[in-house]
Protein chains: 2
Amino acid sequence: MRLLEERILRDGKVRPGGILKVDGFLNHQMDVTLFAQLADEWYDAFRNDGVNKILTIEASGIGLACIAAQRFGCPVLFAKKTKTKNIDGSVYTTLVQSFTHGRIYDVIVAKEYLRSTDRVLLIDDFLANGAALEGLCDLVRQAGATLVGAGIAVEKCFQPGGERLRAQGLRIESLARIKSMSDDSLEFMD
Amino acid sequence: MRLLEERILRDGKVRPGGILKVDGFLNHQMDVTLFAQLADEWYDAFRNDGVNKILTIEASGIGLACIAAQRFGCPVLFAKKTKTKNIDGSVYTTLVQSFTHGRIYDVIVAKEYLRSTDRVLLIDDFLANGAALEGLCDLVRQAGATLVGAGIAVEKCFQPGGERLRAQGLRIESLARIKSMSDDSLEFMD
């Protein structure tokens, strides 16, 4: 998506260690006008798939998911990161390793909001190693719901998550696909 | 706001210890159609105040803030909870004590996204003891920005936050104001 690529080139900052900072418009300050344009793209891609629930993970996926949900006319469910073991059986739980923060989280959703009849679209801001997205896939699988696909804003194609998850059959629509990054340049996939 | 009160009575659950669970539509699963109606109310209240930024706190305020930002035509900034001391001076920091989780967080925003020229509306899902909202006020104060007011979905008026912050001069527009709660009843303010 040209619009998002141009925005990344204009306002994104590349930091040492392969960090792309887009916190001026995507995941700290959030440009909801841009979000609506991203949502339109995901809606074009998944409009015929009967999506009735959008699943994301806190915190930075929530804004994108809510704006996208308006297009799809469905609710959002956001998975929560927690260190508290919930033992009453009311939640689905999966483990997600954060490479950014060097931690492993339990990620949970309440069973009552993710049903076997749901047709679920995943939404998140970034796809890199794929740990968060894989965790969301696992929650959908535990619920016996139908996984329609994933809408991602920025995919780092030089990290292995996208390839691994596509090989598992996940349909992923990433709106900006970064082929390579160095301290002074950034190249998108064709 | 009658619509939100009715929704709370229909889908909310009161748990022992003064816990109101509204995670079916407000802060786990999120009904974005309802959110747009809440946003309309906040817009009616603050439309003439020149709001050019909405500030919220992760995670459950983000969805409400993004839908409201569409009405105001402005970006959202969400304050992040962190345990990492940021010592490079690029962020405003405040301490917030979570009564729900029994913890104290550092809450931060990047200085570059909160400017003295900003006219800031705070948005959050709950107001009870007021710790989170007070933290957001402090961040706005540190930035020298103008604090327009706060839009809250559910205020627990039997807890002290709203009264204390109004006494400090904060204009608060809460859309459902709970007067009292017990295990089997819930009463709203007139």
# chains A, B, ... in the order shown; residues from 1 in each chain; ligands from 1

call {"tool": "interface_residues", "arguments": {"of": "chain B", "to": "chain A", "cutoff": "9 Å", "atoms": "only C-alpha atoms", "output": "MDAnalysis selection string"}}
result
chainID B and resid 24:25 27:33 58:60 62:67 69:70 73:80 109:110 112:113

call {"tool": "select_by_dssp", "arguments": {"residues": "region 27-175 of chain A", "states": "strand (DSSP E)", "output": "PDB file with N, CA and C atoms, in the first residue's frame"}}
result
ATOM      1  N   GLN A  29       1.541   7.616  19.283  1.00  0.00           N
ATOM      2  CA  GLN A  29       0.541   8.511  18.708  1.00  0.00           C
ATOM      3  C   GLN A  29      -0.087   7.761  17.527  1.00  0.00           C
ATOM      4  N   MET A  30      -1.401   7.899  17.384  1.00  0.00           N
ATOM      5  CA  MET A  30      -2.103   7.103  16.378  1.00  0.00           C
ATOM      6  C   MET A  30      -2.936   8.006  15.475  1.00  0.00           C
ATOM      7  N   LYS A  53     -15.793 -11.330  13.824  1.00  0.00           N
ATOM      8  CA  LYS A  53     -15.039 -10.917  15.020  1.00  0.00           C
ATOM      9  C   LYS A  53     -13.605 -10.582  14.628  1.00  0.00           C
ATOM     10  N   ILE A  54     -13.101  -9.512  15.205  1.00  0.00           N
ATOM     11  CA  ILE A  54     -11.696  -9.161  15.012  1.00  0.00           C
ATOM     12  C   ILE A  54     -10.968  -9.406  16.321  1.00  0.00           C
ATOM     13  N   LEU A  55      -9.868 -10.144  16.212  1.00  0.00           N
ATOM     14  CA  LEU A  55      -9.060 -10.457  17.397  1.00  0.00           C
ATOM     15  C   LEU A  55      -7.709  -9.773  17.273  1.00  0.00           C
ATOM     16  N   THR A  56      -7.300  -9.083  18.326  1.00  0.00           N
ATOM     17  CA  THR A  56      -5.984  -8.453  18.348  1.00  0.00           C
ATOM     18  C   THR A  56      -5.366  -8.680  19.714  1.00  0.00           C
ATOM     19  N   ILE A  57      -4.201  -8.091  19.931  1.00  0.00           N
ATOM     20  CA  ILE A  57      -3.502  -8.253  21.208  1.00  0.00           C
ATOM     21  C   ILE A  57      -3.125  -6.877  21.733  1.00  0.00           C
ATOM     22  N   VAL A  76     -14.636  -6.195  18.404  1.00  0.00           N
ATOM     23  CA  VAL A  76     -13.218  -6.523  18.598  1.00  0.00           C
ATOM     24  C   VAL A  76     -13.077  -7.301  19.899  1.00  0.00           C
ATOM     25  N   LEU A  77     -12.188  -8.255  19.887  1.00  0.00           N
ATOM     26  CA  LEU A  77     -11.769  -8.896  21.135  1.00  0.00           C
ATOM     27  C   LEU A  77     -10.262  -8.719  21.231  1.00  0.00           C
ATOM     28  N   PHE A  78      -9.795  -8.170  22.369  1.00  0.00           N
ATOM     29  CA  PHE A  78      -8.334  -8.078  22.472  1.00  0.00           C
ATOM     30  C   PHE A  78      -7.798  -9.027  23.523  1.00  0.00           C
ATOM     31  N   ALA A  79      -6.777  -9.780  23.114  1.00  0.00           N
ATOM     32  CA  ALA A  79      -6.126 -10.721  24.014  1.00  0.00           C
ATOM     33  C   ALA A  79      -5.270  -9.935  24.998  1.00  0.00           C
ATOM     34  N   LYS A  80      -5.297 -10.385  26.254  1.00  0.00           N
ATOM     35  CA  LYS A  80      -4.598  -9.668  27.314  1.00  0.00           C
ATOM     36  C   LYS A  80      -3.324 -10.387  27.705  1.00  0.00           C
ATOM     37  N   LYS A  81      -2.282  -9.583  27.901  1.00  0.00           N
ATOM     38  CA  LYS A  81      -1.030 -10.126  28.417  1.00  0.00           C
ATOM     39  C   LYS A  81      -1.123 -10.148  29.939  1.00  0.00           C
ATOM     40  N   THR A  82      -0.752 -11.241  30.524  1.00  0.00           N
ATOM     41  CA  THR A  82      -0.918 -11.338  31.964  1.00  0.00           C
ATOM     42  C   THR A  82       0.187 -12.186  32.553  1.00  0.00           C
ATOM     43  N   VAL A  91     -10.847 -19.026  30.596  1.00  0.00           N
ATOM     44  CA  VAL A  91     -10.085 -18.372  29.524  1.00  0.00           C
ATOM     45  C   VAL A  91      -9.295 -19.397  28.703  1.00  0.00           C
ATOM     46  N   TYR A  92      -9.067 -19.031  27.443  1.00  0.00           N
ATOM     47  CA  TYR A  92      -8.049 -19.725  26.654  1.00  0.00           C
ATOM     48  C   TYR A  92      -6.728 -19.014  26.889  1.00  0.00           C
ATOM     49  N   THR A  93      -5.663 -19.793  27.015  1.00  0.00           N
ATOM     50  CA  THR A  93      -4.349 -19.237  27.315  1.00  0.00           C
ATOM     51  C   THR A  93      -3.326 -19.723  26.309  1.00  0.00           C
ATOM     52  N   THR A  94      -2.422 -18.855  25.923  1.00  0.00           N
ATOM     53  CA  THR A  94      -1.291 -19.281  25.107  1.00  0.00           C
ATOM     54  C   THR A  94      -0.063 -18.502  25.550  1.00  0.00           C
ATOM     55  N   LEU A  95       1.102 -18.995  25.205  1.00  0.00           N
ATOM     56  CA  LEU A  95       2.342 -18.321  25.568  1.00  0.00           C
ATOM     57  C   LEU A  95       2.874 -17.534  24.372  1.00  0.00           C
ATOM     58  N   VAL A  96       3.296 -16.309  24.624  1.00  0.00           N
ATOM     59  CA  VAL A  96       3.887 -15.491  23.567  1.00  0.00           C
ATOM     60  C   VAL A  96       5.218 -14.947  24.057  1.00  0.00           C
ATOM     61  N   GLN A  97       6.250 -15.181  23.256  1.00  0.00           N
ATOM     62  CA  GLN A  97       7.566 -14.644  23.599  1.00  0.00           C
ATOM     63  C   GLN A  97       7.764 -13.307  22.897  1.00  0.00           C
ATOM     64  N   SER A  98       8.000 -12.275  23.668  1.00  0.00           N
ATOM     65  CA  SER A  98       8.274 -10.966  23.083  1.00  0.00           C
ATOM     66  C   SER A  98       9.764 -10.809  22.868  1.00  0.00           C
ATOM     67  N   ARG A 103      10.729 -11.166  27.038  1.00  0.00           N
ATOM     68  CA  ARG A 103       9.913 -11.801  28.066  1.00  0.00           C
ATOM     69  C   ARG A 103       8.944 -12.793  27.441  1.00  0.00           C
ATOM     70  N   ILE A 104       8.435 -13.669  28.267  1.00  0.00           N
ATOM     71  CA  ILE A 104       7.366 -14.559  27.833  1.00  0.00           C
ATOM     72  C   ILE A 104       6.102 -14.203  28.612  1.00  0.00           C
ATOM     73  N   TYR A 105       5.025 -14.007  27.884  1.00  0.00           N
ATOM     74  CA  TYR A 105       3.745 -13.669  28.498  1.00  0.00           C
ATOM     75  C   TYR A 105       2.754 -14.818  28.370  1.00  0.00           C
ATOM     76  N   ASP A 106       1.874 -14.940  29.342  1.00  0.00           N
ATOM     77  CA  ASP A 106       0.615 -15.628  29.109  1.00  0.00           C
ATOM     78  C   ASP A 106      -0.319 -14.643  28.427  1.00  0.00           C
ATOM     79  N   VAL A 107      -0.966 -15.091  27.388  1.00  0.00           N
ATOM     80  CA  VAL A 107      -1.916 -14.252  26.679  1.00  0.00           C
ATOM     81  C   VAL A 107      -3.262 -14.959  26.730  1.00  0.00           C
ATOM     82  N   ILE A 108      -4.281 -14.227  27.148  1.00  0.00           N
ATOM     83  CA  ILE A 108      -5.569 -14.875  27.412  1.00  0.00           C
ATOM     84  C   ILE A 108      -6.733 -14.163  26.721  1.00  0.00           C
ATOM     85  N   VAL A 109      -7.747 -14.940  26.413  1.00  0.00           N
ATOM     86  CA  VAL A 109      -9.060 -14.371  26.075  1.00  0.00           C
ATOM     87  C   VAL A 109     -10.120 -15.165  26.827  1.00  0.00           C
ATOM     88  N   ALA A 110     -11.190 -14.503  27.189  1.00  0.00           N
ATOM     89  CA  ALA A 110     -12.297 -15.185  27.857  1.00  0.00           C
ATOM     90  C   ALA A 110     -13.004 -16.105  26.858  1.00  0.00           C
ATOM     91  N   ARG A 119     -16.029 -16.392  12.951  1.00  0.00           N
ATOM     92  CA  ARG A 119     -15.113 -16.303  11.803  1.00  0.00           C
ATOM     93  C   ARG A 119     -14.210 -15.099  12.072  1.00  0.00           C
ATOM     94  N   VAL A 120     -12.962 -15.389  12.381  1.00  0.00           N
ATOM     95  CA  VAL A 120     -12.095 -14.419  13.046  1.00  0.00           C
ATOM     96  C   VAL A 120     -11.036 -13.854  12.097  1.00  0.00           C
ATOM     97  N   LEU A 121     -10.945 -12.527  12.079  1.00  0.00           N
ATOM     98  CA  LEU A 121      -9.842 -11.840  11.404  1.00  0.00           C
ATOM     99  C   LEU A 121      -8.896 -11.304  12.470  1.00  0.00           C
ATOM    100  N   LEU A 122      -7.617 -11.629  12.337  1.00  0.00           N
ATOM    101  CA  LEU A 122      -6.596 -11.093  13.243  1.00  0.00           C
ATOM    102  C   LEU A 122      -6.100  -9.758  12.698  1.00  0.00           C
ATOM    103  N   ILE A 123      -5.885  -8.802  13.592  1.00  0.00           N
ATOM    104  CA  ILE A 123      -5.330  -7.500  13.194  1.00  0.00           C
ATOM    105  C   ILE A 123      -4.174  -7.175  14.140  1.00  0.00           C
ATOM    106  N   ASP A 124      -3.041  -6.734  13.569  1.00  0.00           N
ATOM    107  CA  ASP A 124      -1.965  -6.248  14.432  1.00  0.00           C
ATOM    108  C   ASP A 124      -1.130  -5.222  13.675  1.00  0.00           C
ATOM    109  N   ASP A 125      -0.368  -4.459  14.436  1.00  0.00           N
ATOM    110  CA  ASP A 125       0.424  -3.398  13.797  1.00  0.00           C
ATOM    111  C   ASP A 125       1.683  -3.945  13.121  1.00  0.00           C
ATOM    112  N   PHE A 126       2.337  -4.927  13.741  1.00  0.00           N
ATOM    113  CA  PHE A 126       3.603  -5.428  13.208  1.00  0.00           C
ATOM    114  C   PHE A 126       3.590  -6.948  13.075  1.00  0.00           C
ATOM    115  N   LEU A 127       4.304  -7.430  12.069  1.00  0.00           N
ATOM    116  CA  LEU A 127       4.615  -8.856  11.969  1.00  0.00           C
ATOM    117  C   LEU A 127       6.116  -8.961  11.714  1.00  0.00           C
ATOM    118  N   THR A 146     -13.212 -20.341  13.244  1.00  0.00           N
ATOM    119  CA  THR A 146     -12.625 -20.317  11.902  1.00  0.00           C
ATOM    120  C   THR A 146     -11.686 -19.122  11.780  1.00  0.00           C
ATOM    121  N   LEU A 147     -10.472 -19.395  11.382  1.00  0.00           N
ATOM    122  CA  LEU A 147      -9.467 -18.339  11.214  1.00  0.00           C
ATOM    123  C   LEU A 147      -9.492 -17.885   9.758  1.00  0.00           C
ATOM    124  N   VAL A 148      -9.996 -16.694   9.533  1.00  0.00           N
ATOM    125  CA  VAL A 148     -10.147 -16.183   8.173  1.00  0.00           C
ATOM    126  C   VAL A 148      -8.801 -15.696   7.624  1.00  0.00           C
ATOM    127  N   GLY A 149      -8.020 -15.036   8.449  1.00  0.00           N
ATOM    128  CA  GLY A 149      -6.729 -14.509   8.005  1.00  0.00           C
ATOM    129  C   GLY A 149      -6.249 -13.436   8.944  1.00  0.00           C
ATOM    130  N   ALA A 150      -5.234 -12.708   8.486  1.00  0.00           N
ATOM    131  CA  ALA A 150      -4.641 -11.663   9.323  1.00  0.00           C
ATOM    132  C   ALA A 150      -4.382 -10.410   8.504  1.00  0.00           C
ATOM    133  N   GLY A 151      -4.740  -9.278   9.068  1.00  0.00           N
ATOM    134  CA  GLY A 151      -4.421  -7.986   8.482  1.00  0.00           C
ATOM    135  C   GLY A 151      -3.332  -7.328   9.303  1.00  0.00           C
ATOM    136  N   ILE A 152      -2.221  -7.043   8.670  1.00  0.00           N
ATOM    137  CA  ILE A 152      -1.044  -6.499   9.348  1.00  0.00           C
ATOM    138  C   ILE A 152      -0.713  -5.154   8.725  1.00  0.00           C
ATOM    139  N   ALA A 153      -0.321  -4.193   9.542  1.00  0.00           N
ATOM    140  CA  ALA A 153       0.101  -2.912   8.970  1.00  0.00           C
ATOM    141  C   ALA A 153       1.500  -3.046   8.372  1.00  0.00           C
ATOM    142  N   VAL A 154       2.490  -3.392   9.175  1.00  0.00           N
ATOM    143  CA  VAL A 154       3.884  -3.404   8.718  1.00  0.00           C
ATOM    144  C   VAL A 154       4.491  -4.782   8.928  1.00  0.00           C
ATOM    145  N   GLU A 155       4.926  -5.393   7.853  1.00  0.00           N
ATOM    146  CA  GLU A 155       5.608  -6.685   7.960  1.00  0.00           C
ATOM    147  C   GLU A 155       7.097  -6.510   7.664  1.00  0.00           C
ATOM    148  N   LYS A 156       7.916  -7.017   8.565  1.00  0.00           N
ATOM    149  CA  LYS A 156       9.361  -7.067   8.316  1.00  0.00           C
ATOM    150  C   LYS A 156       9.652  -8.402   7.649  1.00  0.00           C
ATOM    151  N   ILE A 172      -2.292 -13.833   5.002  1.00  0.00           N
ATOM    152  CA  ILE A 172      -1.826 -12.598   5.645  1.00  0.00           C
ATOM    153  C   ILE A 172      -1.839 -11.466   4.642  1.00  0.00           C
ATOM    154  N   GLU A 173      -2.521 -10.392   4.973  1.00  0.00           N
ATOM    155  CA  GLU A 173      -2.517  -9.194   4.134  1.00  0.00           C
ATOM    156  C   GLU A 173      -1.748  -8.098   4.867  1.00  0.00           C
ATOM    157  N   SER A 174      -0.495  -7.925   4.480  1.00  0.00           N
ATOM    158  CA  SER A 174       0.354  -6.890   5.084  1.00  0.00           C
ATOM    159  C   SER A 174       0.373  -5.679   4.164  1.00  0.00           C
ATOM    160  N   LEU A 175       0.207  -4.511   4.724  1.00  0.00           N
ATOM    161  CA  LEU A 175       0.019  -3.320   3.886  1.00  0.00           C
ATOM    162  C   LEU A 175       1.330  -2.614   3.554  1.00  0.00           C
TER     163      LEU A 175
END

call {"tool": "select_by_dssp", "arguments": {"residues": "region 6-182 of chain B", "states": "alpha helix (DSSP H)", "output": "tab-separated table (two decimals) with C-alpha atoms, in the first residue's frame"}}
result
chain	number	residue	atom	x	y	z
B	6	GLU	CA	-29.22	0.06	29.85
B	7	ARG	CA	-26.31	-1.84	28.36
B	8	ILE	CA	-24.63	-2.08	31.76
B	9	LEU	CA	-27.84	-3.36	33.33
B	10	ARG	CA	-28.28	-5.91	30.55
B	11	ASP	CA	-24.73	-7.17	30.01
B	32	VAL	CA	-17.48	-0.35	18.35
B	33	THR	CA	-21.02	0.60	17.37
B	34	LEU	CA	-21.66	1.50	21.00
B	35	PHE	CA	-18.27	3.25	21.12
B	36	ALA	CA	-19.35	5.54	18.26
B	37	GLN	CA	-22.45	6.49	20.23
B	38	LEU	CA	-20.35	7.28	23.31
B	39	ALA	CA	-18.01	9.31	21.09
B	40	ASP	CA	-20.98	11.34	19.84
B	41	GLU	CA	-21.81	12.28	23.44
B	42	TRP	CA	-18.27	13.38	24.20
B	43	TYR	CA	-18.19	15.31	20.95
B	44	ASP	CA	-21.39	17.13	21.88
B	45	ALA	CA	-19.83	18.06	25.22
B	46	PHE	CA	-16.41	19.20	23.98
B	61	GLY	CA	-8.88	3.21	26.89
B	62	ILE	CA	-7.37	2.91	23.44
B	63	GLY	CA	-10.41	1.66	21.55
B	64	LEU	CA	-12.69	4.36	22.96
B	65	ALA	CA	-10.06	7.01	22.31
B	66	CYS	CA	-9.60	6.01	18.67
B	67	ILE	CA	-13.32	6.04	17.89
B	68	ALA	CA	-13.68	9.38	19.67
B	69	ALA	CA	-10.69	10.78	17.76
B	70	GLN	CA	-12.52	10.14	14.50
B	71	ARG	CA	-15.28	12.46	15.70
B	72	PHE	CA	-12.85	15.17	16.76
B	131	ALA	CA	-5.33	7.32	39.84
B	132	ALA	CA	-5.03	6.74	36.10
B	133	LEU	CA	-6.84	9.95	35.20
B	134	GLU	CA	-4.77	11.93	37.66
B	135	GLY	CA	-1.62	10.52	36.07
B	136	LEU	CA	-2.80	11.65	32.64
B	137	CYS	CA	-3.53	15.13	34.03
B	138	ASP	CA	0.00	15.24	35.38
B	139	LEU	CA	1.48	14.36	31.98
B	140	VAL	CA	-0.52	17.16	30.34
B	141	ARG	CA	0.67	19.56	33.04
B	142	GLN	CA	4.31	18.58	32.56
B	143	ALA	CA	3.98	19.26	28.84
B	161	GLY	CA	-11.74	9.94	42.09
B	162	GLY	CA	-14.40	11.99	40.35
B	163	GLU	CA	-15.07	14.26	43.30
B	164	ARG	CA	-11.38	14.88	43.95
B	165	LEU	CA	-10.56	15.67	40.31
B	166	ARG	CA	-13.60	17.92	39.83
B	167	ALA	CA	-12.53	19.81	42.96

call {"tool": "closest_residue", "arguments": {"among": "A:Ala176, A:Leu20, A:Val51, A:Met181", "to": "Leu3 (chain A)", "atoms": "only C-alpha atoms"}}
result
A:Ala176

call {"tool": "atom_distance", "arguments": {"atom1": "CA of Glu187 (chain A)", "atom2": "CA of Gly169 (chain A)"}}
result
26.3 Å

call {"tool": "atom_distance", "arguments": {"atom1": "CA of Glu5 (chain B)", "atom2": "CA of Ile178 (chain B)"}}
result
8.9 Å

call {"tool": "decode", "arguments": {"residues": "region 72-123 of chain B", "atoms": "C-alpha atoms", "output": "PDB file, in the first residue's frame"}}
result
ATOM      1  CA  PHE B  72     -12.849  15.170  16.763  1.00  0.00           C
ATOM      2  CA  GLY B  73     -10.626  14.760  13.693  1.00  0.00           C
ATOM      3  CA  CYS B  74      -7.472  14.523  15.768  1.00  0.00           C
ATOM      4  CA  PRO B  75      -4.841  11.922  16.680  1.00  0.00           C
ATOM      5  CA  VAL B  76      -4.735   9.761  19.804  1.00  0.00           C
ATOM      6  CA  LEU B  77      -1.768   9.463  22.096  1.00  0.00           C
ATOM      7  CA  PHE B  78      -1.764   6.573  24.525  1.00  0.00           C
ATOM      8  CA  ALA B  79       0.344   6.628  27.656  1.00  0.00           C
ATOM      9  CA  LYS B  80       2.326   3.459  28.199  1.00  0.00           C
ATOM     10  CA  LYS B  81       2.720   1.534  31.424  1.00  0.00           C
ATOM     11  CA  THR B  82       6.303   0.529  31.902  1.00  0.00           C
ATOM     12  CA  LYS B  83       8.670  -0.786  34.486  1.00  0.00           C
ATOM     13  CA  THR B  84      11.664   0.423  32.533  1.00  0.00           C
ATOM     14  CA  LYS B  85      13.132   3.689  33.688  1.00  0.00           C
ATOM     15  CA  ASN B  86      13.703   5.856  30.649  1.00  0.00           C
ATOM     16  CA  ILE B  87      16.608   8.084  31.462  1.00  0.00           C
ATOM     17  CA  ASP B  88      17.260   9.773  28.144  1.00  0.00           C
ATOM     18  CA  GLY B  89      14.828  12.581  28.904  1.00  0.00           C
ATOM     19  CA  SER B  90      12.653  11.986  25.850  1.00  0.00           C
ATOM     20  CA  VAL B  91       9.521  11.153  27.834  1.00  0.00           C
ATOM     21  CA  TYR B  92       7.249  12.636  30.464  1.00  0.00           C
ATOM     22  CA  THR B  93       6.791  10.190  33.334  1.00  0.00           C
ATOM     23  CA  THR B  94       4.269   9.925  36.122  1.00  0.00           C
ATOM     24  CA  LEU B  95       3.423   7.291  38.713  1.00  0.00           C
ATOM     25  CA  VAL B  96       0.048   5.575  38.723  1.00  0.00           C
ATOM     26  CA  GLN B  97      -1.112   3.222  41.435  1.00  0.00           C
ATOM     27  CA  SER B  98      -3.453   0.537  40.164  1.00  0.00           C
ATOM     28  CA  PHE B  99      -5.914  -0.471  42.874  1.00  0.00           C
ATOM     29  CA  THR B 100      -7.225  -3.316  40.727  1.00  0.00           C
ATOM     30  CA  HIS B 101      -3.798  -4.879  40.315  1.00  0.00           C
ATOM     31  CA  GLY B 102      -2.160  -3.641  43.512  1.00  0.00           C
ATOM     32  CA  ARG B 103       0.831  -2.230  41.661  1.00  0.00           C
ATOM     33  CA  ILE B 104       2.497   1.061  40.906  1.00  0.00           C
ATOM     34  CA  TYR B 105       3.432   1.781  37.314  1.00  0.00           C
ATOM     35  CA  ASP B 106       5.550   4.334  35.602  1.00  0.00           C
ATOM     36  CA  VAL B 107       3.367   5.803  32.898  1.00  0.00           C
ATOM     37  CA  ILE B 108       5.080   7.607  30.045  1.00  0.00           C
ATOM     38  CA  VAL B 109       4.458   9.573  26.889  1.00  0.00           C
ATOM     39  CA  ALA B 110       7.058  10.766  24.403  1.00  0.00           C
ATOM     40  CA  LYS B 111       7.622  14.497  24.781  1.00  0.00           C
ATOM     41  CA  GLU B 112       7.569  15.032  21.046  1.00  0.00           C
ATOM     42  CA  TYR B 113       3.891  14.030  20.832  1.00  0.00           C
ATOM     43  CA  LEU B 114       2.576  16.162  23.681  1.00  0.00           C
ATOM     44  CA  ARG B 115       3.240  19.857  23.100  1.00  0.00           C
ATOM     45  CA  SER B 116       2.484  23.030  24.970  1.00  0.00           C
ATOM     46  CA  THR B 117       0.247  24.084  22.071  1.00  0.00           C
ATOM     47  CA  ASP B 118      -1.955  20.988  22.399  1.00  0.00           C
ATOM     48  CA  ARG B 119      -5.521  21.126  23.666  1.00  0.00           C
ATOM     49  CA  VAL B 120      -5.995  17.722  25.200  1.00  0.00           C
ATOM     50  CA  LEU B 121      -9.103  15.673  25.914  1.00  0.00           C
ATOM     51  CA  LEU B 122      -8.581  12.650  28.178  1.00  0.00           C
ATOM     52  CA  ILE B 123     -10.598   9.520  27.426  1.00  0.00           C
TER      53      ILE B 123
END
